[in-house]
>>> print(open('model34.cif').read())   # mmCIF, C-alpha atoms
data_query
loop_
_atom_site.label_atom_id
_atom_site.label_comp_id
_atom_site.auth_asym_id
_atom_site.auth_seq_id
_atom_site.Cartn_x
_atom_site.Cartn_y
_atom_site.Cartn_z
CA MET A 1266 15.71 27.44 1.54
CA ASN A 1267 15.84 27.13 -2.25
CA ARG A 1268 12.49 25.99 -3.56
CA ILE A 1269 12.59 23.63 -6.53
CA ILE A 1270 10.11 24.32 -9.29
CA SER A 1271 8.75 21.08 -10.77
CA THR A 1272 6.77 20.64 -13.95
CA SER A 1273 3.09 21.46 -13.68
CA ASN A 1274 2.21 19.79 -16.98
CA ARG A 1275 -0.74 17.46 -16.79
CA PHE A 1276 0.02 13.77 -17.13
CA PRO A 1277 -2.03 10.56 -16.92
CA LEU A 1278 -2.77 8.47 -13.87
CA THR A 1279 -1.30 4.98 -13.75
CA ASN A 1280 -3.61 1.97 -13.76
CA ILE A 1281 -3.45 1.59 -9.99
CA GLN A 1282 -4.00 5.31 -9.44
CA GLN A 1283 -7.12 5.13 -11.59
CA ALA A 1284 -8.38 2.18 -9.54
CA TYR A 1285 -7.76 4.03 -6.27
CA PHE A 1286 -9.40 7.18 -7.62
CA MET A 1287 -12.50 5.25 -8.71
CA GLY A 1288 -12.64 3.58 -5.29
CA ARG A 1289 -13.23 6.98 -3.72
CA ASN A 1290 -16.65 6.99 -5.37
CA SER A 1291 -19.34 5.73 -2.97
CA ASN A 1292 -21.33 4.38 -5.92
CA PHE A 1293 -18.86 1.49 -6.05
CA GLU A 1294 -19.49 -1.49 -3.79
CA PHE A 1295 -17.37 -1.07 -0.64
CA GLY A 1296 -16.04 2.20 -2.03
CA GLY A 1297 -16.32 5.79 -0.89
CA ILE A 1298 -12.93 5.86 0.84
CA PRO A 1299 -9.37 6.79 -0.12
CA THR A 1300 -6.60 4.19 -0.24
CA TYR A 1301 -4.19 5.02 2.54
CA VAL A 1302 -1.75 4.01 5.24
CA TYR A 1303 -1.90 5.42 8.74
CA TYR A 1304 0.75 5.29 11.49
CA GLU A 1305 1.27 6.72 14.95
CA PHE A 1306 4.76 6.92 16.44
CA LYS A 1307 6.47 7.87 19.65
CA THR A 1308 9.68 9.72 18.80
CA ASN A 1309 12.27 12.08 20.24
CA LEU A 1310 12.02 14.47 17.29
CA LYS A 1311 11.49 18.14 18.04
CA TYR A 1312 8.30 19.70 16.70
CA LYS A 1313 9.93 22.68 14.94
CA ASP A 1314 12.59 20.46 13.36
CA PHE A 1315 9.91 18.05 12.18
CA GLU A 1316 7.79 20.79 10.62
CA ARG A 1317 10.81 22.29 8.84
CA SER A 1318 11.93 18.87 7.59
CA LEU A 1319 8.45 18.07 6.30
CA ASN A 1320 8.21 21.30 4.32
CA ASN A 1321 11.66 20.72 2.82
CA LEU A 1322 10.50 17.27 1.78
CA ILE A 1323 7.33 18.68 0.20
CA CYS A 1324 9.54 20.96 -1.90
CA ASN A 1325 11.81 18.14 -2.96
CA GLN A 1326 9.22 15.44 -3.70
CA PRO A 1327 6.80 16.54 -6.47
CA MET A 1328 4.14 13.92 -5.75
CA LEU A 1329 3.58 15.41 -2.28
CA ARG A 1330 2.32 18.42 -4.24
CA ALA A 1331 0.19 16.36 -6.62
CA ASN A 1332 -3.27 17.48 -7.60
CA ILE A 1333 -5.44 14.67 -8.95
CA VAL A 1334 -7.56 16.59 -11.43
CA SER A 1335 -9.67 13.67 -12.67
CA ILE A 1336 -9.43 9.96 -13.41
CA GLN A 1337 -7.50 10.94 -16.52
CA GLU A 1338 -5.15 13.65 -15.29
CA GLN A 1339 -2.88 14.75 -12.48
CA THR A 1340 -0.61 17.73 -12.13
CA ILE A 1341 2.12 18.98 -9.81
CA VAL A 1342 1.61 22.25 -7.97
CA ASP A 1343 4.67 24.49 -8.21
CA THR A 1344 6.42 24.98 -4.89
CA GLN A 1345 5.84 28.72 -5.12
CA ASN A 1346 2.09 28.10 -5.15
CA PHE A 1347 2.01 25.30 -2.58
CA PRO A 1348 1.27 26.66 0.91
CA TYR A 1349 3.62 26.09 3.83
CA TYR A 1350 2.37 23.05 5.75
CA LYS A 1351 1.67 24.07 9.33
CA VAL A 1352 1.69 20.86 11.38
CA PRO A 1353 -1.07 20.84 14.03
CA TYR A 1354 0.52 20.82 17.49
CA TYR A 1355 -0.98 19.62 20.77
CA ASP A 1356 0.75 20.06 24.11
CA ILE A 1357 -0.45 17.21 26.35
CA SER A 1358 2.60 17.14 28.60
CA ASN A 1359 0.62 18.32 31.63
CA LEU A 1360 -1.84 15.42 31.43
CA ASP A 1361 -1.53 12.06 33.16
CA ALA A 1362 -1.16 8.84 31.10
CA LYS A 1363 -4.90 8.13 30.96
CA GLN A 1364 -5.72 11.68 29.92
CA GLN A 1365 -2.99 11.61 27.28
CA GLN A 1366 -4.45 8.44 25.78
CA THR A 1367 -7.88 10.05 25.67
CA GLN A 1368 -6.41 13.06 23.87
CA ILE A 1369 -4.60 10.80 21.39
CA LEU A 1370 -7.87 9.05 20.56
CA GLU A 1371 -9.55 12.41 20.01
CA ILE A 1372 -6.77 13.55 17.65
CA ARG A 1373 -7.00 10.22 15.80
CA GLU A 1374 -10.75 10.68 15.36
CA LYS A 1375 -10.24 14.23 14.11
CA ILE A 1376 -7.73 13.03 11.51
CA HIS A 1377 -10.07 10.19 10.50
CA ASN A 1378 -12.82 12.72 9.80
CA GLN A 1379 -10.42 14.72 7.65
CA ILE A 1380 -9.47 11.56 5.76
CA LEU A 1381 -13.11 10.89 4.87
CA ASN A 1382 -13.26 14.33 3.22
CA LYS A 1383 -10.80 12.92 0.65
CA LYS A 1384 -9.16 16.31 0.09
CA ASP A 1385 -5.67 15.76 1.54
CA MET A 1386 -2.89 13.60 0.10
CA PHE A 1387 -1.18 13.55 3.50
CA LEU A 1388 -1.85 14.66 7.07
CA PHE A 1389 0.55 15.03 9.99
CA SER A 1390 -0.02 16.10 13.58
CA VAL A 1391 2.27 16.24 16.62
CA ALA A 1392 1.42 15.85 20.31
CA GLN A 1393 4.05 16.80 22.91
CA MET A 1394 3.97 14.13 25.63
CA ASP A 1395 6.88 15.41 27.71
CA ASN A 1396 10.10 17.36 27.16
CA ASP A 1397 11.72 14.49 25.27
CA THR A 1398 8.82 12.64 23.65
CA THR A 1399 6.63 13.61 20.72
CA TYR A 1400 3.74 11.56 19.41
CA ILE A 1401 3.45 11.85 15.62
CA PHE A 1402 0.33 11.05 13.60
CA CYS A 1403 0.95 10.17 9.94
CA TYR A 1404 -1.58 9.66 7.14
CA VAL A 1405 -0.53 9.20 3.50
CA ASP A 1406 -2.85 8.66 0.55
CA MET A 1407 -1.55 5.91 -1.71
CA LEU A 1408 -2.58 7.85 -4.79
CA VAL A 1409 0.75 9.62 -4.34
CA ALA A 1410 2.90 7.16 -2.40
CA ASP A 1411 3.32 3.38 -2.23
CA ALA A 1412 4.64 1.45 0.79
CA PHE A 1413 8.24 1.83 -0.39
CA SER A 1414 7.65 5.58 -0.63
CA LEU A 1415 6.48 5.66 2.98
CA GLY A 1416 9.89 4.33 3.95
CA ILE A 1417 11.56 7.06 1.88
CA LEU A 1418 9.30 9.71 3.40
CA LEU A 1419 9.92 8.71 7.02
CA ASP A 1420 13.65 8.22 6.47
CA GLU A 1421 14.05 11.64 4.88
CA LEU A 1422 11.83 13.27 7.49
CA LYS A 1423 14.00 11.94 10.31
CA ASN A 1424 17.27 12.78 8.58
CA GLY A 1425 15.97 16.22 7.71
CA CYS A 1426 15.39 17.02 11.38
CA ASN A 1427 19.16 17.03 11.83
CA ILE A 1428 19.96 19.15 8.77
CA ASN A 1429 19.08 22.81 8.37
CA ASP A 1430 17.22 23.94 5.23
CA THR A 1431 18.68 21.35 2.91
CA VAL A 1432 16.76 20.12 -0.11
CA ASN A 1433 18.26 17.32 -2.19
CA VAL A 1434 17.69 17.59 -5.92
CA LEU A 1435 16.11 14.46 -7.44
CA GLU A 1436 17.48 13.23 -10.75
CA ASN A 1437 14.11 11.73 -11.76
CA ASP A 1438 10.48 12.25 -10.88
CA PHE A 1439 7.26 10.27 -11.06
CA TYR A 1440 6.20 11.97 -14.31
CA LYS A 1441 9.08 10.22 -16.13
CA TYR A 1442 7.93 6.86 -14.81
CA VAL A 1443 4.35 7.47 -16.02
CA GLU A 1444 5.72 8.49 -19.41
CA LEU A 1445 7.73 5.26 -19.53
CA LYS A 1446 4.65 3.18 -18.65
CA GLU A 1447 2.55 4.89 -21.31
CA ASN A 1448 5.21 4.27 -23.96
CA LYS A 1449 5.31 0.56 -23.07
CA LYS A 1450 1.67 0.25 -24.11
CA ASN A 1451 2.85 0.58 -27.70
CA THR A 1452 5.37 -2.26 -27.46
CA LYS A 1453 4.99 -5.75 -28.90
CA ARG A 1454 5.45 -7.27 -25.46
CA TYR A 1455 2.56 -5.29 -23.97
CA LEU A 1456 0.29 -6.24 -26.87
CA LYS A 1457 1.34 -9.87 -26.52
CA ASP A 1458 0.58 -9.87 -22.78
CA LYS A 1459 -2.76 -8.18 -23.46
CA GLU A 1460 -3.68 -10.85 -25.99
CA TYR A 1461 -2.67 -13.58 -23.54
CA TRP A 1462 -5.03 -12.31 -20.82
CA LEU A 1463 -7.92 -11.39 -23.10
CA ASN A 1464 -7.89 -14.93 -24.48
CA ARG A 1465 -8.12 -16.28 -20.92
CA LEU A 1466 -10.81 -14.04 -19.43
CA ASP A 1467 -13.42 -16.82 -19.31
CA ASP A 1468 -10.98 -19.13 -17.53
CA ILE A 1469 -9.86 -16.80 -14.73
CA PRO A 1470 -11.56 -18.05 -11.54
CA ASN A 1471 -13.53 -15.78 -9.23
CA SER A 1472 -12.25 -14.54 -5.88
CA PRO A 1473 -12.76 -16.77 -2.80
CA ASN A 1474 -16.47 -16.93 -1.98
CA ILE A 1475 -16.05 -16.70 1.78
CA PRO A 1476 -19.22 -16.21 3.84
CA ILE A 1477 -19.56 -12.56 4.85
CA LYS A 1478 -22.15 -10.59 6.79
CA ASN A 1479 -24.73 -8.45 5.03
CA VAL A 1480 -24.26 -4.68 5.09
CA SER A 1481 -26.34 -1.84 3.68
CA ASP A 1482 -25.91 -0.73 0.08
CA ASP A 1483 -24.47 2.62 1.20
CA TYR A 1484 -22.05 1.04 3.68
CA ILE A 1485 -18.69 2.82 4.00
CA PRO A 1486 -15.95 0.29 4.88
CA LYS A 1487 -14.25 0.45 8.26
CA THR A 1488 -10.98 -1.40 8.64
CA LYS A 1489 -9.54 -3.20 11.62
CA ARG A 1490 -6.04 -4.67 11.94
CA ILE A 1491 -4.77 -7.81 13.61
CA SER A 1492 -1.10 -8.73 13.58
CA ILE A 1493 1.40 -11.34 14.70
CA ASN A 1494 5.17 -11.32 14.98
CA LEU A 1495 7.15 -14.49 14.25
CA ASP A 1496 10.46 -14.34 16.11
CA ILE A 1497 13.81 -14.37 14.33
CA SER A 1498 14.67 -18.02 15.01
CA LYS A 1499 11.37 -19.37 13.68
CA TRP A 1500 11.42 -17.08 10.66
CA GLU A 1501 15.04 -17.99 9.85
CA ASN A 1502 14.10 -21.65 10.06
CA ILE A 1503 11.22 -21.15 7.61
CA LYS A 1504 13.55 -19.33 5.20
CA ARG A 1505 16.15 -22.09 5.53
CA ILE A 1506 13.62 -24.80 4.66
CA SER A 1507 12.10 -22.73 1.84
CA LYS A 1508 15.56 -22.32 0.31
CA ILE A 1509 16.05 -26.10 0.38
CA LYS A 1510 12.63 -26.54 -1.26
CA ASN A 1511 13.43 -23.78 -3.81
CA VAL A 1512 10.33 -21.83 -2.80
CA PRO A 1513 10.72 -18.08 -2.11
CA PRO A 1514 9.59 -16.85 1.35
CA THR A 1515 6.85 -14.72 -0.23
CA THR A 1516 5.41 -17.85 -1.83
CA VAL A 1517 5.52 -19.69 1.49
CA ILE A 1518 3.39 -17.04 3.18
CA LEU A 1519 1.02 -16.79 0.19
CA THR A 1520 0.61 -20.57 0.23
CA ALA A 1521 -0.50 -20.55 3.86
CA TYR A 1522 -2.89 -17.67 3.14
CA SER A 1523 -4.27 -19.49 0.07
CA MET A 1524 -4.88 -22.68 2.04
CA VAL A 1525 -6.91 -20.77 4.63
CA LEU A 1526 -8.93 -18.96 1.95
CA GLY A 1527 -9.45 -22.26 0.18
CA PHE A 1528 -10.74 -23.90 3.35
CA TRP A 1529 -13.28 -21.17 4.08
CA SER A 1530 -14.42 -20.71 0.48
CA ASN A 1531 -14.65 -24.44 -0.31
CA GLN A 1532 -13.88 -23.64 -3.97
CA ASP A 1533 -11.93 -25.74 -6.42
CA ARG A 1534 -10.32 -22.66 -7.98
CA PHE A 1535 -10.07 -19.01 -6.99
CA THR A 1536 -7.99 -15.89 -7.60
CA ILE A 1537 -5.97 -13.73 -5.20
CA ASN A 1538 -5.15 -10.09 -5.86
CA MET A 1539 -1.39 -9.50 -5.39
CA PRO A 1540 0.10 -6.00 -5.62
CA ILE A 1541 3.77 -5.83 -6.61
CA SER A 1542 6.28 -3.03 -6.99
CA ASP A 1543 7.09 -1.87 -10.50
CA ARG A 1544 9.60 0.71 -9.29
CA PRO A 1545 12.82 0.92 -11.38
CA ILE A 1546 15.73 0.90 -8.94
CA GLY A 1547 19.40 1.73 -9.39
CA LYS A 1548 21.72 -0.62 -11.19
CA LYS A 1549 18.93 -3.20 -11.49
CA SER A 1550 17.13 -0.92 -13.92
CA SER A 1551 18.21 -0.10 -17.45
CA GLU A 1552 15.53 2.60 -17.64
CA LEU A 1553 15.30 4.98 -14.67
CA ASP A 1554 16.47 5.08 -11.09
CA MET A 1555 13.44 5.79 -8.91
CA SER A 1556 14.97 4.58 -5.63
CA LYS A 1557 14.56 7.98 -3.95
CA VAL A 1558 11.31 9.09 -5.57
CA ILE A 1559 7.99 9.23 -3.72
CA GLY A 1560 5.11 7.98 -5.88
CA ASP A 1561 2.87 4.98 -6.37
CA PHE A 1562 4.78 2.46 -8.46
CA THR A 1563 2.36 -0.37 -7.66
CA SER A 1564 1.25 -2.88 -10.23
CA VAL A 1565 -1.13 -5.79 -9.67
CA MET A 1566 -0.91 -9.48 -10.49
CA LEU A 1567 -3.82 -11.92 -10.34
CA ILE A 1568 -2.71 -15.21 -8.81
CA GLU A 1569 -4.85 -18.19 -9.77
CA VAL A 1570 -5.08 -20.95 -7.18
CA ASP A 1571 -6.03 -24.50 -8.13
CA ASN A 1572 -7.37 -25.78 -4.85
CA ILE A 1573 -7.84 -29.43 -5.85
CA THR A 1574 -4.75 -30.38 -7.89
CA VAL A 1575 -2.69 -31.50 -4.89
CA GLU A 1576 -3.43 -32.93 -1.48
CA LYS A 1577 -3.94 -29.98 0.82
CA SER A 1578 -2.03 -31.81 3.53
CA ASN A 1579 1.11 -31.55 1.39
CA PHE A 1580 2.15 -27.96 1.97
CA TRP A 1581 5.17 -27.96 -0.33
CA GLN A 1582 3.28 -29.38 -3.31
CA TYR A 1583 0.72 -26.65 -2.78
CA ALA A 1584 3.56 -24.10 -2.56
CA GLU A 1585 5.01 -25.33 -5.84
CA LEU A 1586 1.63 -24.77 -7.49
CA ILE A 1587 1.45 -21.23 -6.08
CA LYS A 1588 5.01 -20.52 -7.22
CA ASN A 1589 4.20 -21.56 -10.79
CA SER A 1590 1.05 -19.42 -10.78
CA ILE A 1591 3.06 -16.39 -9.65
CA LEU A 1592 5.65 -16.98 -12.35
CA LYS A 1593 2.94 -17.28 -15.00
CA SER A 1594 1.36 -13.98 -14.00
CA PHE A 1595 4.73 -12.28 -13.70
CA LYS A 1596 5.69 -13.38 -17.20
CA HIS A 1597 2.66 -11.54 -18.62
CA ARG A 1598 2.64 -8.61 -16.18
CA LEU A 1599 2.76 -5.69 -18.65
CA PHE A 1600 -0.99 -6.02 -19.06
CA ASP A 1601 -1.58 -5.88 -15.35
CA GLY A 1602 -4.24 -7.00 -12.92
CA THR A 1603 -6.16 -3.72 -12.87
CA GLU A 1604 -6.56 -3.90 -16.66
CA ILE A 1605 -7.57 -7.57 -16.44
CA MET A 1606 -10.21 -6.80 -13.79
CA ARG A 1607 -11.52 -3.99 -15.96
CA GLU A 1608 -12.00 -6.45 -18.83
CA ILE A 1609 -13.57 -9.06 -16.53
CA GLY A 1610 -16.01 -6.40 -15.34
CA LYS A 1611 -17.03 -5.67 -18.93
CA LEU A 1612 -17.36 -9.36 -19.77
CA LYS A 1613 -19.47 -10.21 -16.72
CA ASN A 1614 -21.28 -6.88 -16.61
CA SER A 1615 -20.33 -6.66 -12.93
CA GLY A 1616 -20.60 -2.88 -12.83
CA ASP A 1617 -19.55 -1.51 -9.44
CA LYS A 1618 -18.97 -4.88 -7.72
CA ALA A 1619 -15.76 -5.74 -5.86
CA LEU A 1620 -14.16 -8.32 -8.15
CA MET A 1621 -10.99 -9.42 -6.37
CA PRO A 1622 -11.33 -8.33 -2.72
CA TYR A 1623 -8.85 -10.78 -1.14
CA VAL A 1624 -5.36 -9.32 -1.33
CA PHE A 1625 -1.86 -10.48 -0.47
CA THR A 1626 0.81 -7.80 -0.15
CA SER A 1627 4.40 -8.96 0.27
CA MET A 1628 7.08 -6.54 1.36
CA LEU A 1629 9.70 -9.26 1.75
CA LEU A 1630 12.07 -7.61 -0.69
CA GLY A 1631 15.34 -9.05 0.54
CA GLU A 1632 16.39 -5.54 1.53
CA ASP A 1633 16.00 -3.54 4.72
CA THR A 1634 13.64 -1.22 2.89
CA PHE A 1635 11.02 -0.95 5.60
CA SER A 1636 13.41 -0.50 8.49
CA SER A 1637 12.82 3.23 7.92
CA ILE A 1638 9.28 2.78 9.23
CA SER A 1639 10.30 1.23 12.54
CA ASN A 1640 13.46 3.37 12.77
CA PHE A 1641 11.40 6.55 12.58
CA GLY A 1642 9.99 5.86 16.04
CA ASP A 1643 8.18 3.32 18.17
CA ILE A 1644 5.04 2.31 16.29
CA GLN A 1645 2.01 2.73 18.54
CA TYR A 1646 -0.82 2.17 16.09
CA SER A 1647 -1.18 1.45 12.39
CA PHE A 1648 -3.52 0.21 9.69
CA SER A 1649 -4.22 0.58 5.99
CA GLN A 1650 -7.43 0.76 4.00
CA THR A 1651 -8.27 0.11 0.36
CA PRO A 1652 -11.70 0.40 -1.29
CA GLN A 1653 -13.24 -2.86 -2.52
CA VAL A 1654 -10.82 -4.95 -0.44
CA PHE A 1655 -12.22 -7.30 2.23
CA ILE A 1656 -8.93 -8.68 3.59
CA ASP A 1657 -5.38 -7.53 2.88
CA CYS A 1658 -2.76 -9.89 4.30
CA GLN A 1659 0.59 -8.09 4.48
CA ALA A 1660 4.01 -9.60 5.14
CA MET A 1661 7.20 -7.72 5.99
CA GLU A 1662 10.42 -8.14 7.94
CA ARG A 1663 11.12 -6.00 10.97
CA ASP A 1664 14.46 -6.33 12.74
CA GLY A 1665 14.91 -9.81 11.31
CA SER A 1666 11.54 -11.18 12.37
CA LEU A 1667 8.43 -11.79 10.27
CA PHE A 1668 5.62 -9.30 10.86
CA LEU A 1669 2.20 -10.26 9.47
CA THR A 1670 -0.89 -8.08 9.47
CA TRP A 1671 -4.45 -8.56 8.29
CA ASP A 1672 -6.40 -5.40 7.52
CA TYR A 1673 -10.03 -6.45 7.14
CA VAL A 1674 -13.45 -4.83 6.81
CA MET A 1675 -14.65 -5.30 10.35
CA ASP A 1676 -18.41 -5.45 9.67
CA LEU A 1677 -18.07 -8.33 7.18
CA PHE A 1678 -16.55 -10.87 9.56
CA ASP A 1679 -16.94 -12.08 13.12
CA ASP A 1680 -14.70 -10.18 15.49
CA TYR A 1681 -11.30 -11.68 16.22
CA ASN A 1682 -10.58 -12.45 19.89
#
>>> encode(input="model34.cif", output="structure tokens")
Amino acid sequence: MNRIISTSNRFPLTNIQQAYFMGRNSNFEFGGIPTYVYYEFKTNLKYKDFERSLNNLICNQPMLRANIVSIQEQTIVDTQNFPYYKVPYYDISNLDAKQQQTQILEIREKIHNQILNKKDMFLFSVAQMDNDTTYIFCYVDMLVADAFSLGILLDELKNGCNINDTVNVLENDFYKYVELKENKKNTKRYLKDKEYWLNRLDDIPNSPNIPIKNVSDDYIPKTKRISINLDISKWENIKRISKIKNVPPTTVILTAYSMVLGFWSNQDRFTINMPISDRPIGKKSSELDMSKVIGDFTSVMLIEVDNITVEKSNFWQYAELIKNSILKSFKHRLFDGTEIMREIGKLKNSGDKALMPYVFTSMLLGEDTFSSISNFGDIQYSFSQTPQVFIDCQAMERDGSLFLTWDYVMDLFDDYN
């Protein structure tokens, strides 16, 4: 296998990487944890093929060899100096179903303890359930990979199991994207967007003030996930109506989420934290093609919700308001939500407080981007966790249906039954 040597020059963290890195600090309210996604799959992949494919991918994707030096700097470890990743292997094929489940829970707990050490950018383990079935545990820190990247990772892992010692050379890498972002900070458009938001700091409403339970000052957040699946016919009907109303599907879901938050907060105005992808892709981009690159290309928009302008019983008027708010934030997105929150924190002297803890993450991209996640294997268990986030409502399509999840800090809210 030919190992690719990537640049080891130090380069800055993006805004979102800085936010995630700071969130690892337990001095921040609801911090002390990494930002990550976690999945468990049943697959028919062979352990040795999987381990080989993973190590090929580590060689090919520089950000899987990233070393976050500080809040200011990151570097890429050369492949020659990055150790071979030995995937932990557990043979549970001789156990009955109940014993296998117990073993899976023990492996999950072991990985969770490793995650809390905040040393690893990714973790994989494999349990052999029978001759044809492997159970794969997957943890990825979002300092080095966004949700789109998880799809790339799983797709290339699966494909790599069928190809011997092949490493595809990437035309671009994450360093070039960071360089592009840094250069944009010197442009007139960035300075104009910055001025726009700085002039509006006093007018940006707070996050929804939803009643939450009290926890200790040194509380480390624990996340729980609930999910629903809206079948294809219902989801297609929603998309059909939204097209007639000229309201994008993402806005439809965000509107419903906003109405619920508005009901429980009883506020006239509030703000929702909305991550978006800033990844340059293919022919759509005049700058770089990052369609195959693993990295965190996330940006953040703050979506202001006016909860009293329209009758709440009129869903589509409410949706129109949300759509206009999204467009307004998108128009001035070069000075992004993480920078805005930083300035709000200075203005209000909020220190380590969680400023915008209610999040909406849409992965309704109009492409089958996230099919790679479900195509990798049968998903058995999953959740995500982000410091200083109370609820993250996530929307994506799976096999034509709408899949909604809510990752929430379990000790802040009454349990869902």
>>> resolve_selection(input="model34.cif", expression="the PyMOL selection byres ((chain A and resi 1642-1653) around 7)", output="list in words")
Gly1288, Glu1294, Phe1295, Gly1296, Ile1298, Pro1299, Thr1300, Tyr1301, Val1302, Tyr1303, Tyr1304, Glu1305, Phe1306, Lys1307, Thr1308, Thr1488, Arg1490, Ala1619, Pro1622, Ser1639, Asn1640, Phe1641, Val1654, Phe1655 and Asp1672 of chain A
>>> write_last_selection(input="model34.cif", atoms="C-alpha atoms", output="short mmCIF file (atom, residue, chain, number, x, y, z; two decimals), in the frame of the given file")
data_model
loop_
_atom_site.label_atom_id
_atom_site.label_comp_id
_atom_site.auth_asym_id
_atom_site.auth_seq_id
_atom_site.Cartn_x
_atom_site.Cartn_y
_atom_site.Cartn_z
CA GLY A 1288 -12.64 3.58 -5.29
CA GLU A 1294 -19.49 -1.49 -3.79
CA PHE A 1295 -17.37 -1.07 -0.64
CA GLY A 1296 -16.04 2.20 -2.03
CA ILE A 1298 -12.93 5.86 0.84
CA PRO A 1299 -9.37 6.79 -0.12
CA THR A 1300 -6.60 4.19 -0.24
CA TYR A 1301 -4.19 5.02 2.54
CA VAL A 1302 -1.75 4.01 5.24
CA TYR A 1303 -1.90 5.42 8.74
CA TYR A 1304 0.75 5.29 11.49
CA GLU A 1305 1.27 6.72 14.95
CA PHE A 1306 4.76 6.92 16.44
CA LYS A 1307 6.47 7.87 19.65
CA THR A 1308 9.68 9.72 18.80
CA THR A 1488 -10.98 -1.40 8.64
CA ARG A 1490 -6.04 -4.67 11.94
CA ALA A 1619 -15.76 -5.74 -5.86
CA PRO A 1622 -11.33 -8.33 -2.72
CA SER A 1639 10.30 1.23 12.54
CA ASN A 1640 13.46 3.37 12.77
CA PHE A 1641 11.40 6.55 12.58
CA VAL A 1654 -10.82 -4.95 -0.44
CA PHE A 1655 -12.22 -7.30 2.23
CA ASP A 1672 -6.40 -5.40 7.52
#
>>> closest_residue(input="model34.cif", among="A:Arg1598, A:Arg1465, A:Lys1588, A:Lys1449", to="Ile1518 (chain A)", atoms="only C-alpha atoms")
A:Lys1588
>>> closest_residue(input="model34.cif", among="A:Asp1680, A:Ile1638, A:Gln1393, A:Val1525", to="Met1661 (chain A)", atoms="all atoms listed in the file")
A:Ile1638
>>> residues_around(input="model34.cif", residues="region 1346-1363 of chain A", least_positions_apart="3", cutoff="6 Å", atoms="all atoms listed in the file", output="list in words")
Asp1343, Gln1366, Ser1390, Val1391, Ala1392, Gln1393, Met1394 and Asp1395 of chain A
>>> residues_near_point(input="model34.cif", point="(-3.5, -21.1, -10.8)", cutoff="10 Å", atoms="all atoms listed in the file", output="PyMOL selection string")
chain A and resi 1469-1470+1534-1537+1567-1572+1574+1586-1591+1593-1594
>>> axis_aligned_box(input="model34.cif", around="region 1338-1347 of chain A", padding_each_side="6 Å", output="JSON")
{"center_x": 0.6, "center_y": 21.2, "center_z": -8.9, "size_x": 23.6, "size_y": 27.1, "size_z": 24.7}
>>> resolve_selection(input="model34.cif", expression="the PyMOL selection byres ((chain A and resi 1580) around 12)", output="list of chain:residue names")
A:Ser1507, A:Lys1510, A:Val1512, A:Thr1516, A:Val1517, A:Ile1518, A:Leu1519, A:Thr1520, A:Ala1521, A:Tyr1522, A:Ser1523, A:Met1524, A:Val1525, A:Asn1572, A:Val1575, A:Glu1576, A:Lys1577, A:Ser1578, A:Asn1579, A:Trp1581, A:Gln1582, A:Tyr1583, A:Ala1584, A:Glu1585, A:Leu1586, A:Ile1587
>>> resolve_selection(input="model34.cif", expression="the PyMOL selection byres ((chain A and resi 1377) around 12)", output="PyMOL selection string")
chain A and resi 1298-1299+1301-1304+1370-1376+1378-1383+1385+1387-1389+1402-1405+1487-1488+1648+1650
>>> closest_residue(input="model34.cif", among="A:Phe1600, A:Asp1676, A:Ser1318, A:Asn1531", to="Leu1456 (chain A)", atoms="all atoms listed in the file")
A:Phe1600
>>> atom_distance(input="model34.cif", atom1="CA of Met1287 (chain A)", atom2="CA of Val1674 (chain A)")
18.5 Å
>>> atom_distance(input="model34.cif", atom1="CA of Ile1341 (chain A)", atom2="CA of Asn1437 (chain A)")
14.1 Å
>>> closest_residue(input="model34.cif", among="A:Arg1275, A:Lys1611, A:Lys1459, A:Lys1423", to="Gln1339 (chain A)", atoms="only C-alpha atoms")
A:Arg1275
>>> closest_residue(input="model34.cif", among="A:Leu1435, A:Tyr1673, A:Leu1466, A:Tyr1455", to="Lys1596 (chain A)", atoms="all atoms listed in the file")
A:Tyr1455
